[in-house]
file query-v6.txt (compact mmCIF, N, CA and C atoms)
# COMPACT_ATOMS: atom_id res chain seq x y z
N MET A 1484 3.52 16.31 -6.21
CA MET A 1484 3.28 15.19 -5.32
C MET A 1484 2.61 14.07 -6.13
N TYR A 1485 2.97 12.85 -5.79
CA TYR A 1485 2.39 11.68 -6.42
C TYR A 1485 1.65 10.85 -5.37
N ILE A 1486 0.52 10.34 -5.78
CA ILE A 1486 -0.32 9.54 -4.90
C ILE A 1486 -0.37 8.12 -5.46
N ARG A 1487 -0.09 7.17 -4.61
CA ARG A 1487 -0.12 5.75 -5.01
C ARG A 1487 -1.32 5.10 -4.32
N ILE A 1488 -2.13 4.43 -5.10
CA ILE A 1488 -3.31 3.73 -4.59
C ILE A 1488 -3.18 2.26 -4.95
N VAL A 1489 -3.31 1.41 -3.95
CA VAL A 1489 -3.23 -0.03 -4.17
C VAL A 1489 -4.46 -0.67 -3.52
N ARG A 1490 -5.33 -1.23 -4.35
CA ARG A 1490 -6.56 -1.88 -3.88
C ARG A 1490 -6.33 -3.38 -3.87
N MET A 1491 -6.53 -3.98 -2.69
CA MET A 1491 -6.22 -5.39 -2.49
C MET A 1491 -7.43 -6.14 -1.96
N TYR A 1492 -7.61 -7.35 -2.45
CA TYR A 1492 -8.68 -8.23 -2.00
C TYR A 1492 -8.04 -9.46 -1.37
N PHE A 1493 -8.50 -9.80 -0.17
CA PHE A 1493 -7.90 -10.89 0.59
C PHE A 1493 -8.85 -12.06 0.76
N THR A 1494 -8.26 -13.23 0.93
CA THR A 1494 -9.07 -14.37 1.32
C THR A 1494 -9.56 -14.12 2.74
N GLU A 1495 -10.58 -14.83 3.14
CA GLU A 1495 -11.12 -14.65 4.50
C GLU A 1495 -10.04 -14.91 5.55
N THR A 1496 -9.22 -15.91 5.32
CA THR A 1496 -8.16 -16.23 6.29
C THR A 1496 -6.93 -15.35 6.11
N GLY A 1497 -6.88 -14.57 5.04
CA GLY A 1497 -5.73 -13.71 4.79
C GLY A 1497 -5.82 -12.32 5.41
N ILE A 1498 -7.01 -11.93 5.85
CA ILE A 1498 -7.19 -10.57 6.37
C ILE A 1498 -6.37 -10.33 7.63
N LYS A 1499 -6.48 -11.22 8.59
CA LYS A 1499 -5.77 -11.02 9.86
C LYS A 1499 -4.25 -10.99 9.64
N PRO A 1500 -3.67 -11.94 8.90
CA PRO A 1500 -2.22 -11.86 8.66
C PRO A 1500 -1.82 -10.58 7.93
N PHE A 1501 -2.65 -10.13 6.97
CA PHE A 1501 -2.32 -8.88 6.28
C PHE A 1501 -2.27 -7.72 7.27
N LEU A 1502 -3.28 -7.62 8.13
CA LEU A 1502 -3.31 -6.51 9.10
C LEU A 1502 -2.11 -6.56 10.03
N GLU A 1503 -1.69 -7.74 10.40
CA GLU A 1503 -0.49 -7.88 11.24
C GLU A 1503 0.76 -7.44 10.49
N ILE A 1504 0.87 -7.82 9.22
CA ILE A 1504 2.02 -7.41 8.40
C ILE A 1504 2.02 -5.89 8.23
N PHE A 1505 0.85 -5.32 7.92
CA PHE A 1505 0.77 -3.87 7.75
C PHE A 1505 1.17 -3.16 9.04
N ASP A 1506 0.64 -3.62 10.15
CA ASP A 1506 0.95 -2.99 11.44
C ASP A 1506 2.45 -3.05 11.74
N LYS A 1507 3.05 -4.16 11.42
CA LYS A 1507 4.48 -4.34 11.68
C LYS A 1507 5.36 -3.40 10.84
N HIS A 1508 4.93 -3.10 9.61
CA HIS A 1508 5.78 -2.36 8.67
C HIS A 1508 5.31 -0.94 8.37
N LYS A 1509 4.17 -0.53 8.90
CA LYS A 1509 3.59 0.76 8.52
C LYS A 1509 4.51 1.94 8.82
N ASN A 1510 5.20 1.93 9.93
CA ASN A 1510 6.09 3.04 10.26
C ASN A 1510 7.30 3.10 9.33
N ALA A 1511 7.84 1.94 8.99
CA ALA A 1511 8.98 1.91 8.07
C ALA A 1511 8.56 2.39 6.68
N ILE A 1512 7.36 2.00 6.25
CA ILE A 1512 6.87 2.46 4.95
C ILE A 1512 6.63 3.97 4.99
N ARG A 1513 5.95 4.42 6.02
CA ARG A 1513 5.61 5.85 6.12
C ARG A 1513 6.86 6.72 6.19
N HIS A 1514 7.92 6.23 6.81
CA HIS A 1514 9.14 7.02 6.96
C HIS A 1514 10.19 6.70 5.90
N PHE A 1515 9.80 5.94 4.88
CA PHE A 1515 10.72 5.70 3.77
C PHE A 1515 10.98 7.05 3.09
N PRO A 1516 12.23 7.31 2.68
CA PRO A 1516 12.54 8.62 2.07
C PRO A 1516 11.59 8.96 0.92
N GLY A 1517 10.94 10.11 1.05
CA GLY A 1517 10.03 10.59 0.02
C GLY A 1517 8.57 10.37 0.32
N CYS A 1518 8.25 9.51 1.29
CA CYS A 1518 6.86 9.26 1.66
C CYS A 1518 6.42 10.24 2.74
N SER A 1519 5.35 10.97 2.47
CA SER A 1519 4.86 11.96 3.45
C SER A 1519 3.52 11.60 4.05
N HIS A 1520 2.90 10.51 3.58
CA HIS A 1520 1.56 10.15 4.07
C HIS A 1520 1.29 8.69 3.74
N LEU A 1521 0.63 8.00 4.66
CA LEU A 1521 0.24 6.61 4.44
C LEU A 1521 -1.08 6.36 5.14
N GLU A 1522 -2.03 5.78 4.42
CA GLU A 1522 -3.32 5.40 5.00
C GLU A 1522 -3.66 3.98 4.58
N LEU A 1523 -4.38 3.30 5.46
CA LEU A 1523 -4.99 2.02 5.11
C LEU A 1523 -6.49 2.24 5.18
N LEU A 1524 -7.15 2.01 4.07
CA LEU A 1524 -8.59 2.23 3.97
C LEU A 1524 -9.29 0.89 3.84
N LYS A 1525 -10.49 0.81 4.41
CA LYS A 1525 -11.28 -0.42 4.36
C LYS A 1525 -12.56 -0.16 3.60
N ASP A 1526 -12.89 -1.02 2.66
CA ASP A 1526 -14.12 -0.89 1.90
C ASP A 1526 -15.31 -1.13 2.84
N PRO A 1527 -16.28 -0.21 2.89
CA PRO A 1527 -17.40 -0.37 3.81
C PRO A 1527 -18.40 -1.45 3.40
N THR A 1528 -18.34 -1.92 2.16
CA THR A 1528 -19.30 -2.94 1.70
C THR A 1528 -18.66 -4.28 1.41
N ASP A 1529 -17.33 -4.34 1.39
CA ASP A 1529 -16.62 -5.59 1.10
C ASP A 1529 -15.54 -5.81 2.14
N PRO A 1530 -15.79 -6.67 3.12
CA PRO A 1530 -14.82 -6.87 4.21
C PRO A 1530 -13.49 -7.47 3.79
N SER A 1531 -13.40 -7.94 2.55
CA SER A 1531 -12.14 -8.53 2.09
C SER A 1531 -11.26 -7.51 1.35
N CYS A 1532 -11.76 -6.27 1.19
CA CYS A 1532 -11.08 -5.28 0.37
C CYS A 1532 -10.46 -4.18 1.22
N TYR A 1533 -9.15 -3.98 1.05
CA TYR A 1533 -8.40 -2.91 1.71
C TYR A 1533 -7.63 -2.15 0.65
N THR A 1534 -7.41 -0.86 0.91
CA THR A 1534 -6.69 -0.01 -0.03
C THR A 1534 -5.65 0.79 0.73
N THR A 1535 -4.44 0.83 0.19
CA THR A 1535 -3.44 1.73 0.74
C THR A 1535 -3.38 2.97 -0.14
N LEU A 1536 -3.18 4.10 0.52
CA LEU A 1536 -3.04 5.38 -0.16
C LEU A 1536 -1.79 6.02 0.42
N SER A 1537 -0.84 6.32 -0.43
CA SER A 1537 0.40 6.93 0.04
C SER A 1537 0.76 8.13 -0.83
N HIS A 1538 1.42 9.11 -0.22
CA HIS A 1538 1.87 10.31 -0.92
C HIS A 1538 3.38 10.28 -1.03
N TRP A 1539 3.88 10.63 -2.21
CA TRP A 1539 5.32 10.60 -2.49
C TRP A 1539 5.75 11.92 -3.09
N ASP A 1540 6.91 12.40 -2.70
CA ASP A 1540 7.38 13.70 -3.18
C ASP A 1540 7.69 13.70 -4.68
N LYS A 1541 8.13 12.55 -5.20
CA LYS A 1541 8.43 12.43 -6.63
C LYS A 1541 8.36 10.96 -7.02
N LEU A 1542 8.21 10.72 -8.31
CA LEU A 1542 8.10 9.35 -8.79
C LEU A 1542 9.35 8.53 -8.47
N ALA A 1543 10.50 9.16 -8.49
CA ALA A 1543 11.74 8.45 -8.19
C ALA A 1543 11.72 7.88 -6.77
N SER A 1544 11.13 8.61 -5.82
CA SER A 1544 11.04 8.11 -4.44
C SER A 1544 10.14 6.88 -4.38
N LEU A 1545 9.02 6.94 -5.08
CA LEU A 1545 8.12 5.78 -5.12
C LEU A 1545 8.82 4.59 -5.75
N GLU A 1546 9.53 4.81 -6.83
CA GLU A 1546 10.25 3.72 -7.49
C GLU A 1546 11.36 3.16 -6.60
N ASN A 1547 12.04 4.03 -5.86
CA ASN A 1547 13.06 3.57 -4.90
C ASN A 1547 12.42 2.66 -3.87
N TYR A 1548 11.24 3.04 -3.39
CA TYR A 1548 10.52 2.20 -2.42
C TYR A 1548 10.14 0.87 -3.06
N ARG A 1549 9.59 0.91 -4.26
CA ARG A 1549 9.14 -0.31 -4.92
C ARG A 1549 10.29 -1.26 -5.24
N ASN A 1550 11.50 -0.73 -5.33
CA ASN A 1550 12.69 -1.56 -5.57
C ASN A 1550 13.46 -1.88 -4.29
N SER A 1551 12.95 -1.43 -3.16
CA SER A 1551 13.66 -1.62 -1.89
C SER A 1551 13.43 -3.01 -1.30
N GLN A 1552 14.33 -3.40 -0.43
CA GLN A 1552 14.18 -4.68 0.27
C GLN A 1552 12.94 -4.67 1.15
N LEU A 1553 12.61 -3.52 1.72
CA LEU A 1553 11.39 -3.38 2.53
C LEU A 1553 10.17 -3.78 1.72
N PHE A 1554 9.99 -3.18 0.55
CA PHE A 1554 8.84 -3.50 -0.29
C PHE A 1554 8.86 -4.96 -0.72
N ILE A 1555 10.01 -5.43 -1.16
CA ILE A 1555 10.12 -6.81 -1.63
C ILE A 1555 9.71 -7.79 -0.54
N ASN A 1556 10.16 -7.56 0.69
CA ASN A 1556 9.81 -8.46 1.80
C ASN A 1556 8.34 -8.38 2.16
N VAL A 1557 7.80 -7.16 2.21
CA VAL A 1557 6.38 -7.01 2.56
C VAL A 1557 5.52 -7.64 1.47
N TRP A 1558 5.81 -7.32 0.22
CA TRP A 1558 5.00 -7.84 -0.89
C TRP A 1558 5.05 -9.36 -0.94
N LYS A 1559 6.22 -9.93 -0.69
CA LYS A 1559 6.37 -11.39 -0.69
C LYS A 1559 5.48 -12.03 0.38
N SER A 1560 5.30 -11.36 1.51
CA SER A 1560 4.47 -11.87 2.59
C SER A 1560 2.98 -11.67 2.32
N VAL A 1561 2.63 -10.58 1.67
CA VAL A 1561 1.23 -10.22 1.47
C VAL A 1561 0.63 -10.91 0.24
N LYS A 1562 1.39 -11.04 -0.81
CA LYS A 1562 0.88 -11.54 -2.08
C LYS A 1562 0.13 -12.88 -1.98
N PRO A 1563 0.61 -13.86 -1.22
CA PRO A 1563 -0.12 -15.14 -1.13
C PRO A 1563 -1.48 -15.02 -0.43
N LEU A 1564 -1.75 -13.90 0.21
CA LEU A 1564 -3.00 -13.72 0.95
C LEU A 1564 -4.13 -13.18 0.07
N PHE A 1565 -3.82 -12.79 -1.16
CA PHE A 1565 -4.82 -12.19 -2.05
C PHE A 1565 -5.81 -13.23 -2.57
N SER A 1566 -7.05 -12.78 -2.75
CA SER A 1566 -8.07 -13.62 -3.36
C SER A 1566 -8.27 -13.30 -4.84
N GLN A 1567 -7.78 -12.14 -5.27
CA GLN A 1567 -7.85 -11.75 -6.68
C GLN A 1567 -6.75 -10.75 -6.98
N LYS A 1568 -6.62 -10.42 -8.25
CA LYS A 1568 -5.55 -9.54 -8.69
C LYS A 1568 -5.68 -8.16 -8.04
N THR A 1569 -4.54 -7.63 -7.63
CA THR A 1569 -4.46 -6.30 -7.03
C THR A 1569 -4.53 -5.24 -8.11
N LYS A 1570 -5.16 -4.11 -7.77
CA LYS A 1570 -5.22 -2.98 -8.69
C LYS A 1570 -4.39 -1.85 -8.09
N ALA A 1571 -3.37 -1.42 -8.81
CA ALA A 1571 -2.48 -0.38 -8.31
C ALA A 1571 -2.26 0.66 -9.40
N PHE A 1572 -2.23 1.92 -8.97
CA PHE A 1572 -1.93 2.98 -9.92
C PHE A 1572 -1.42 4.20 -9.17
N SER A 1573 -0.73 5.06 -9.92
CA SER A 1573 -0.18 6.29 -9.37
C SER A 1573 -0.83 7.49 -10.05
N LEU A 1574 -1.01 8.55 -9.29
CA LEU A 1574 -1.61 9.78 -9.79
C LEU A 1574 -0.75 10.97 -9.39
N GLU A 1575 -0.71 11.95 -10.22
CA GLU A 1575 -0.01 13.19 -9.88
C GLU A 1575 -1.05 14.19 -9.38
N LYS A 1576 -0.77 14.80 -8.23
CA LYS A 1576 -1.70 15.80 -7.72
C LYS A 1576 -1.75 16.95 -8.71
N PHE A 1577 -2.96 17.35 -9.08
CA PHE A 1577 -3.14 18.36 -10.11
C PHE A 1577 -3.74 19.64 -9.55
N ILE A 1578 -4.86 19.52 -8.87
CA ILE A 1578 -5.51 20.69 -8.23
C ILE A 1578 -5.94 20.28 -6.84
N GLU A 1579 -5.66 21.14 -5.89
CA GLU A 1579 -6.11 20.90 -4.51
C GLU A 1579 -6.82 22.16 -4.03
N LEU A 1580 -7.97 21.98 -3.44
CA LEU A 1580 -8.75 23.13 -2.93
C LEU A 1580 -8.70 23.18 -1.42

call {"tool": "encode", "arguments": {"input": "query-v6.txt", "output": "structure tokens"}}
result
Amino acid sequence: MYIRIVRMYFTETGIKPFLEIFDKHKNAIRHFPGCSHLELLKDPTDPSCYTTLSHWDKLASLENYRNSQLFINVWKSVKPLFSQKTKAFSLEKFIEL
């Protein structure tokens, strides 16, 4: 399993539009082939910071999503709302207790 983490910082006026975009597309993202889990996390000390955490069955599924029209459209809508560079990375599940 692969875990994708994307940490995003929004302008003050960008938070509400981002939440609306996420709400509109969350089910399509979660049910994209290969995605088994999707969370939106909020930083408890920084109200402009949100993080998505998603689980993917294999890297190819994540790459298919990242190359999909769904991702392209969502990213195009969300990107102008950022206040700073996004931090994104993928991890392979290694040990689970």

call {"tool": "residues_around", "arguments": {"input": "query-v6.txt", "residues": "range 1487-1502 of chain A", "least_positions_apart": "6", "cutoff": "6 Å", "atoms": "all atoms listed in the file", "output": "VMD selection string"}}
result
chain A and resid 1531 to 1539 1564 to 1574

call {"tool": "atom_distance", "arguments": {"input": "query-v6.txt", "atom1": "atom C of Val1561 in chain A", "atom2": "atom N of Asp1506 in chain A"}}
result
12.3 Å

call {"tool": "residues_around", "arguments": {"input": "query-v6.txt", "residues": "range 1542-1559 of chain A", "least_positions_apart": "3", "cutoff": "7 Å", "atoms": "only N, CA and C atoms", "output": "PyMOL selection string"}}
result
chain A and resi 1484-1485+1516-1518+1539+1562-1563

call {"tool": "select_by_dssp", "arguments": {"input": "query-v6.txt", "residues": "chain A", "states": "helix (DSSP H, G or I)", "output": "MDAnalysis selection string"}}
result
chainID A and resid 1498:1513 1542:1549 1552:1564

call {"tool": "atom_distance", "arguments": {"input": "query-v6.txt", "atom1": "atom C of Asp1529 in chain A", "atom2": "CA of Ala1511 in chain A"}}
result
26.4 Å

call {"tool": "atom_distance", "arguments": {"input": "query-v6.txt", "atom1": "atom N of His1508 in chain A", "atom2": "CA of Glu1522 in chain A"}}
result
12.7 Å

call {"tool": "closest_residue", "arguments": {"input": "query-v6.txt", "among": "A:Asn1510, A:Phe1515, A:Ile1504, A:Leu1580", "to": "Ser1560 in chain A", "atoms": "all atoms listed in the file"}}
result
A:Ile1504

call {"tool": "select_by_dssp", "arguments": {"input": "query-v6.txt", "residues": "chain A", "states": "strand (DSSP E)", "output": "PyMOL selection string"}}
result
chain A and resi 1485-1492+1518-1525+1532-1539+1570-1575

call {"tool": "axis_aligned_box", "arguments": {"input": "query-v6.txt", "around": "range 1545-1548 of chain A", "padding_each_side": "3 Å", "output": "AutoDock Vina command-line options"}}
result
--center_x 10.6 --center_y 3.9 --center_z -5.0 --size_x 10.9 --size_y 12.1 --size_z 11.1

call {"tool": "decode", "arguments": {"input": "query-v6.txt", "residues": "range 1490-1535 of chain A", "atoms": "N, CA and C atoms", "output": "mmCIF file, in the first residue's frame"}}
result
data_model
loop_
_atom_site.group_PDB
_atom_site.id
_atom_site.type_symbol
_atom_site.label_atom_id
_atom_site.label_comp_id
_atom_site.auth_asym_id
_atom_site.auth_seq_id
_atom_site.Cartn_x
_atom_site.Cartn_y
_atom_site.Cartn_z
ATOM 1 N N ARG A 1490 0.404 18.471 1.843
ATOM 2 C CA ARG A 1490 0.208 19.552 2.820
ATOM 3 C C ARG A 1490 0.077 20.854 2.053
ATOM 4 N N MET A 1491 -1.046 21.547 2.292
ATOM 5 C CA MET A 1491 -1.374 22.746 1.528
ATOM 6 C C MET A 1491 -1.628 23.921 2.466
ATOM 7 N N TYR A 1492 -1.167 25.088 2.057
ATOM 8 C CA TYR A 1492 -1.388 26.322 2.798
ATOM 9 C C TYR A 1492 -2.200 27.260 1.913
ATOM 10 N N PHE A 1493 -3.272 27.801 2.474
ATOM 11 C CA PHE A 1493 -4.194 28.630 1.705
ATOM 12 C C PHE A 1493 -4.188 30.071 2.168
ATOM 13 N N THR A 1494 -4.535 30.948 1.241
ATOM 14 C CA THR A 1494 -4.773 32.326 1.630
ATOM 15 C C THR A 1494 -6.028 32.345 2.503
ATOM 16 N N GLU A 1495 -6.205 33.402 3.249
ATOM 17 C CA GLU A 1495 -7.385 33.509 4.111
ATOM 18 C C GLU A 1495 -8.675 33.398 3.302
ATOM 19 N N THR A 1496 -8.686 34.011 2.132
ATOM 20 C CA THR A 1496 -9.887 33.964 1.292
ATOM 21 C C THR A 1496 -9.969 32.677 0.471
ATOM 22 N N GLY A 1497 -8.909 31.880 0.465
ATOM 23 C CA GLY A 1497 -8.902 30.642 -0.305
ATOM 24 C C GLY A 1497 -9.430 29.422 0.436
ATOM 25 N N ILE A 1498 -9.553 29.524 1.751
ATOM 26 C CA ILE A 1498 -9.957 28.359 2.547
ATOM 27 C C ILE A 1498 -11.368 27.897 2.197
ATOM 28 N N LYS A 1499 -12.310 28.806 2.193
ATOM 29 C CA LYS A 1499 -13.703 28.423 1.916
ATOM 30 C C LYS A 1499 -13.846 27.819 0.512
ATOM 31 N N PRO A 1500 -13.301 28.445 -0.531
ATOM 32 C CA PRO A 1500 -13.407 27.826 -1.858
ATOM 33 C C PRO A 1500 -12.741 26.449 -1.910
ATOM 34 N N PHE A 1501 -11.593 26.289 -1.230
ATOM 35 C CA PHE A 1501 -10.951 24.979 -1.218
ATOM 36 C C PHE A 1501 -11.869 23.932 -0.595
ATOM 37 N N LEU A 1502 -12.468 24.253 0.545
ATOM 38 C CA LEU A 1502 -13.350 23.293 1.216
ATOM 39 C C LEU A 1502 -14.545 22.934 0.341
ATOM 40 N N GLU A 1503 -15.054 23.896 -0.399
ATOM 41 C CA GLU A 1503 -16.155 23.622 -1.328
ATOM 42 C C GLU A 1503 -15.702 22.704 -2.461
ATOM 43 N N ILE A 1504 -14.514 22.953 -2.995
ATOM 44 C CA ILE A 1504 -13.969 22.111 -4.071
ATOM 45 C C ILE A 1504 -13.741 20.695 -3.543
ATOM 46 N N PHE A 1505 -13.147 20.584 -2.357
ATOM 47 C CA PHE A 1505 -12.898 19.261 -1.785
ATOM 48 C C PHE A 1505 -14.210 18.515 -1.572
ATOM 49 N N ASP A 1506 -15.187 19.197 -1.012
ATOM 50 C CA ASP A 1506 -16.481 18.556 -0.751
ATOM 51 C C ASP A 1506 -17.131 18.072 -2.048
ATOM 52 N N LYS A 1507 -17.007 18.861 -3.081
ATOM 53 C CA LYS A 1507 -17.612 18.511 -4.369
ATOM 54 C C LYS A 1507 -16.963 17.272 -5.006
ATOM 55 N N HIS A 1508 -15.655 17.088 -4.796
ATOM 56 C CA HIS A 1508 -14.914 16.038 -5.503
ATOM 57 C C HIS A 1508 -14.451 14.890 -4.616
ATOM 58 N N LYS A 1509 -14.676 14.959 -3.319
ATOM 59 C CA LYS A 1509 -14.118 13.960 -2.406
ATOM 60 C C LYS A 1509 -14.577 12.534 -2.723
ATOM 61 N N ASN A 1510 -15.819 12.347 -3.089
ATOM 62 C CA ASN A 1510 -16.297 10.997 -3.393
ATOM 63 C C ASN A 1510 -15.682 10.449 -4.676
ATOM 64 N N ALA A 1511 -15.524 11.306 -5.676
ATOM 65 C CA ALA A 1511 -14.898 10.861 -6.922
ATOM 66 C C ALA A 1511 -13.433 10.502 -6.693
ATOM 67 N N ILE A 1512 -12.747 11.288 -5.865
ATOM 68 C CA ILE A 1512 -11.356 10.980 -5.554
ATOM 69 C C ILE A 1512 -11.270 9.673 -4.773
ATOM 70 N N ARG A 1513 -12.090 9.561 -3.743
ATOM 71 C CA ARG A 1513 -12.056 8.368 -2.888
ATOM 72 C C ARG A 1513 -12.382 7.096 -3.670
ATOM 73 N N HIS A 1514 -13.247 7.195 -4.656
ATOM 74 C CA HIS A 1514 -13.647 6.014 -5.419
ATOM 75 C C HIS A 1514 -12.884 5.864 -6.737
ATOM 76 N N PHE A 1515 -11.826 6.660 -6.903
ATOM 77 C CA PHE A 1515 -10.977 6.488 -8.082
ATOM 78 C C PHE A 1515 -10.329 5.106 -7.975
ATOM 79 N N PRO A 1516 -10.214 4.377 -9.087
ATOM 80 C CA PRO A 1516 -9.634 3.025 -9.024
ATOM 81 C C PRO A 1516 -8.278 2.997 -8.314
ATOM 82 N N GLY A 1517 -8.203 2.179 -7.273
ATOM 83 C CA GLY A 1517 -6.972 2.020 -6.513
ATOM 84 C C GLY A 1517 -6.929 2.785 -5.214
ATOM 85 N N CYS A 1518 -7.834 3.746 -5.023
ATOM 86 C CA CYS A 1518 -7.867 4.521 -3.783
ATOM 87 C C CYS A 1518 -8.776 3.823 -2.773
ATOM 88 N N SER A 1519 -8.233 3.534 -1.595
ATOM 89 C CA SER A 1519 -9.022 2.845 -0.565
ATOM 90 C C SER A 1519 -9.305 3.709 0.652
ATOM 91 N N HIS A 1520 -8.754 4.924 0.686
ATOM 92 C CA HIS A 1520 -8.921 5.776 1.869
ATOM 93 C C HIS A 1520 -8.603 7.215 1.493
ATOM 94 N N LEU A 1521 -9.370 8.151 2.043
ATOM 95 C CA LEU A 1521 -9.116 9.577 1.826
ATOM 96 C C LEU A 1521 -9.503 10.336 3.083
ATOM 97 N N GLU A 1522 -8.604 11.189 3.546
ATOM 98 C CA GLU A 1522 -8.870 12.045 4.705
ATOM 99 C C GLU A 1522 -8.449 13.464 4.377
ATOM 100 N N LEU A 1523 -9.163 14.412 4.976
ATOM 101 C CA LEU A 1523 -8.734 15.803 4.965
ATOM 102 C C LEU A 1523 -8.439 16.158 6.414
ATOM 103 N N LEU A 1524 -7.213 16.569 6.662
ATOM 104 C CA LEU A 1524 -6.765 16.891 8.013
ATOM 105 C C LEU A 1524 -6.526 18.388 8.112
ATOM 106 N N LYS A 1525 -6.801 18.937 9.294
ATOM 107 C CA LYS A 1525 -6.620 20.368 9.529
ATOM 108 C C LYS A 1525 -5.567 20.562 10.605
ATOM 109 N N ASP A 1526 -4.616 21.440 10.351
ATOM 110 C CA ASP A 1526 -3.581 21.736 11.328
ATOM 111 C C ASP A 1526 -4.218 22.446 12.528
ATOM 112 N N PRO A 1527 -4.002 21.958 13.756
ATOM 113 C CA PRO A 1527 -4.642 22.567 14.918
ATOM 114 C C PRO A 1527 -4.052 23.922 15.312
ATOM 115 N N THR A 1528 -2.875 24.270 14.796
ATOM 116 C CA THR A 1528 -2.249 25.544 15.167
ATOM 117 C C THR A 1528 -2.177 26.543 14.024
ATOM 118 N N ASP A 1529 -2.475 26.095 12.806
ATOM 119 C CA ASP A 1529 -2.405 26.978 11.637
ATOM 120 C C ASP A 1529 -3.685 26.832 10.834
ATOM 121 N N PRO A 1530 -4.610 27.777 10.955
ATOM 122 C CA PRO A 1530 -5.906 27.651 10.275
ATOM 123 C C PRO A 1530 -5.834 27.699 8.755
ATOM 124 N N SER A 1531 -4.675 28.039 8.204
ATOM 125 C CA SER A 1531 -4.548 28.087 6.746
ATOM 126 C C SER A 1531 -3.997 26.776 6.167
ATOM 127 N N CYS A 1532 -3.676 25.815 7.043
ATOM 128 C CA CYS A 1532 -3.001 24.597 6.604
ATOM 129 C C CYS A 1532 -3.925 23.386 6.662
ATOM 130 N N TYR A 1533 -4.056 22.709 5.514
ATOM 131 C CA TYR A 1533 -4.831 21.472 5.399
ATOM 132 C C TYR A 1533 -3.946 20.424 4.741
ATOM 133 N N THR A 1534 -4.199 19.167 5.080
ATOM 134 C CA THR A 1534 -3.425 18.065 4.534
ATOM 135 C C THR A 1534 -4.368 16.973 4.072
ATOM 136 N N THR A 1535 -4.130 16.461 2.878
ATOM 137 C CA THR A 1535 -4.867 15.278 2.445
ATOM 138 C C THR A 1535 -3.975 14.064 2.648
#
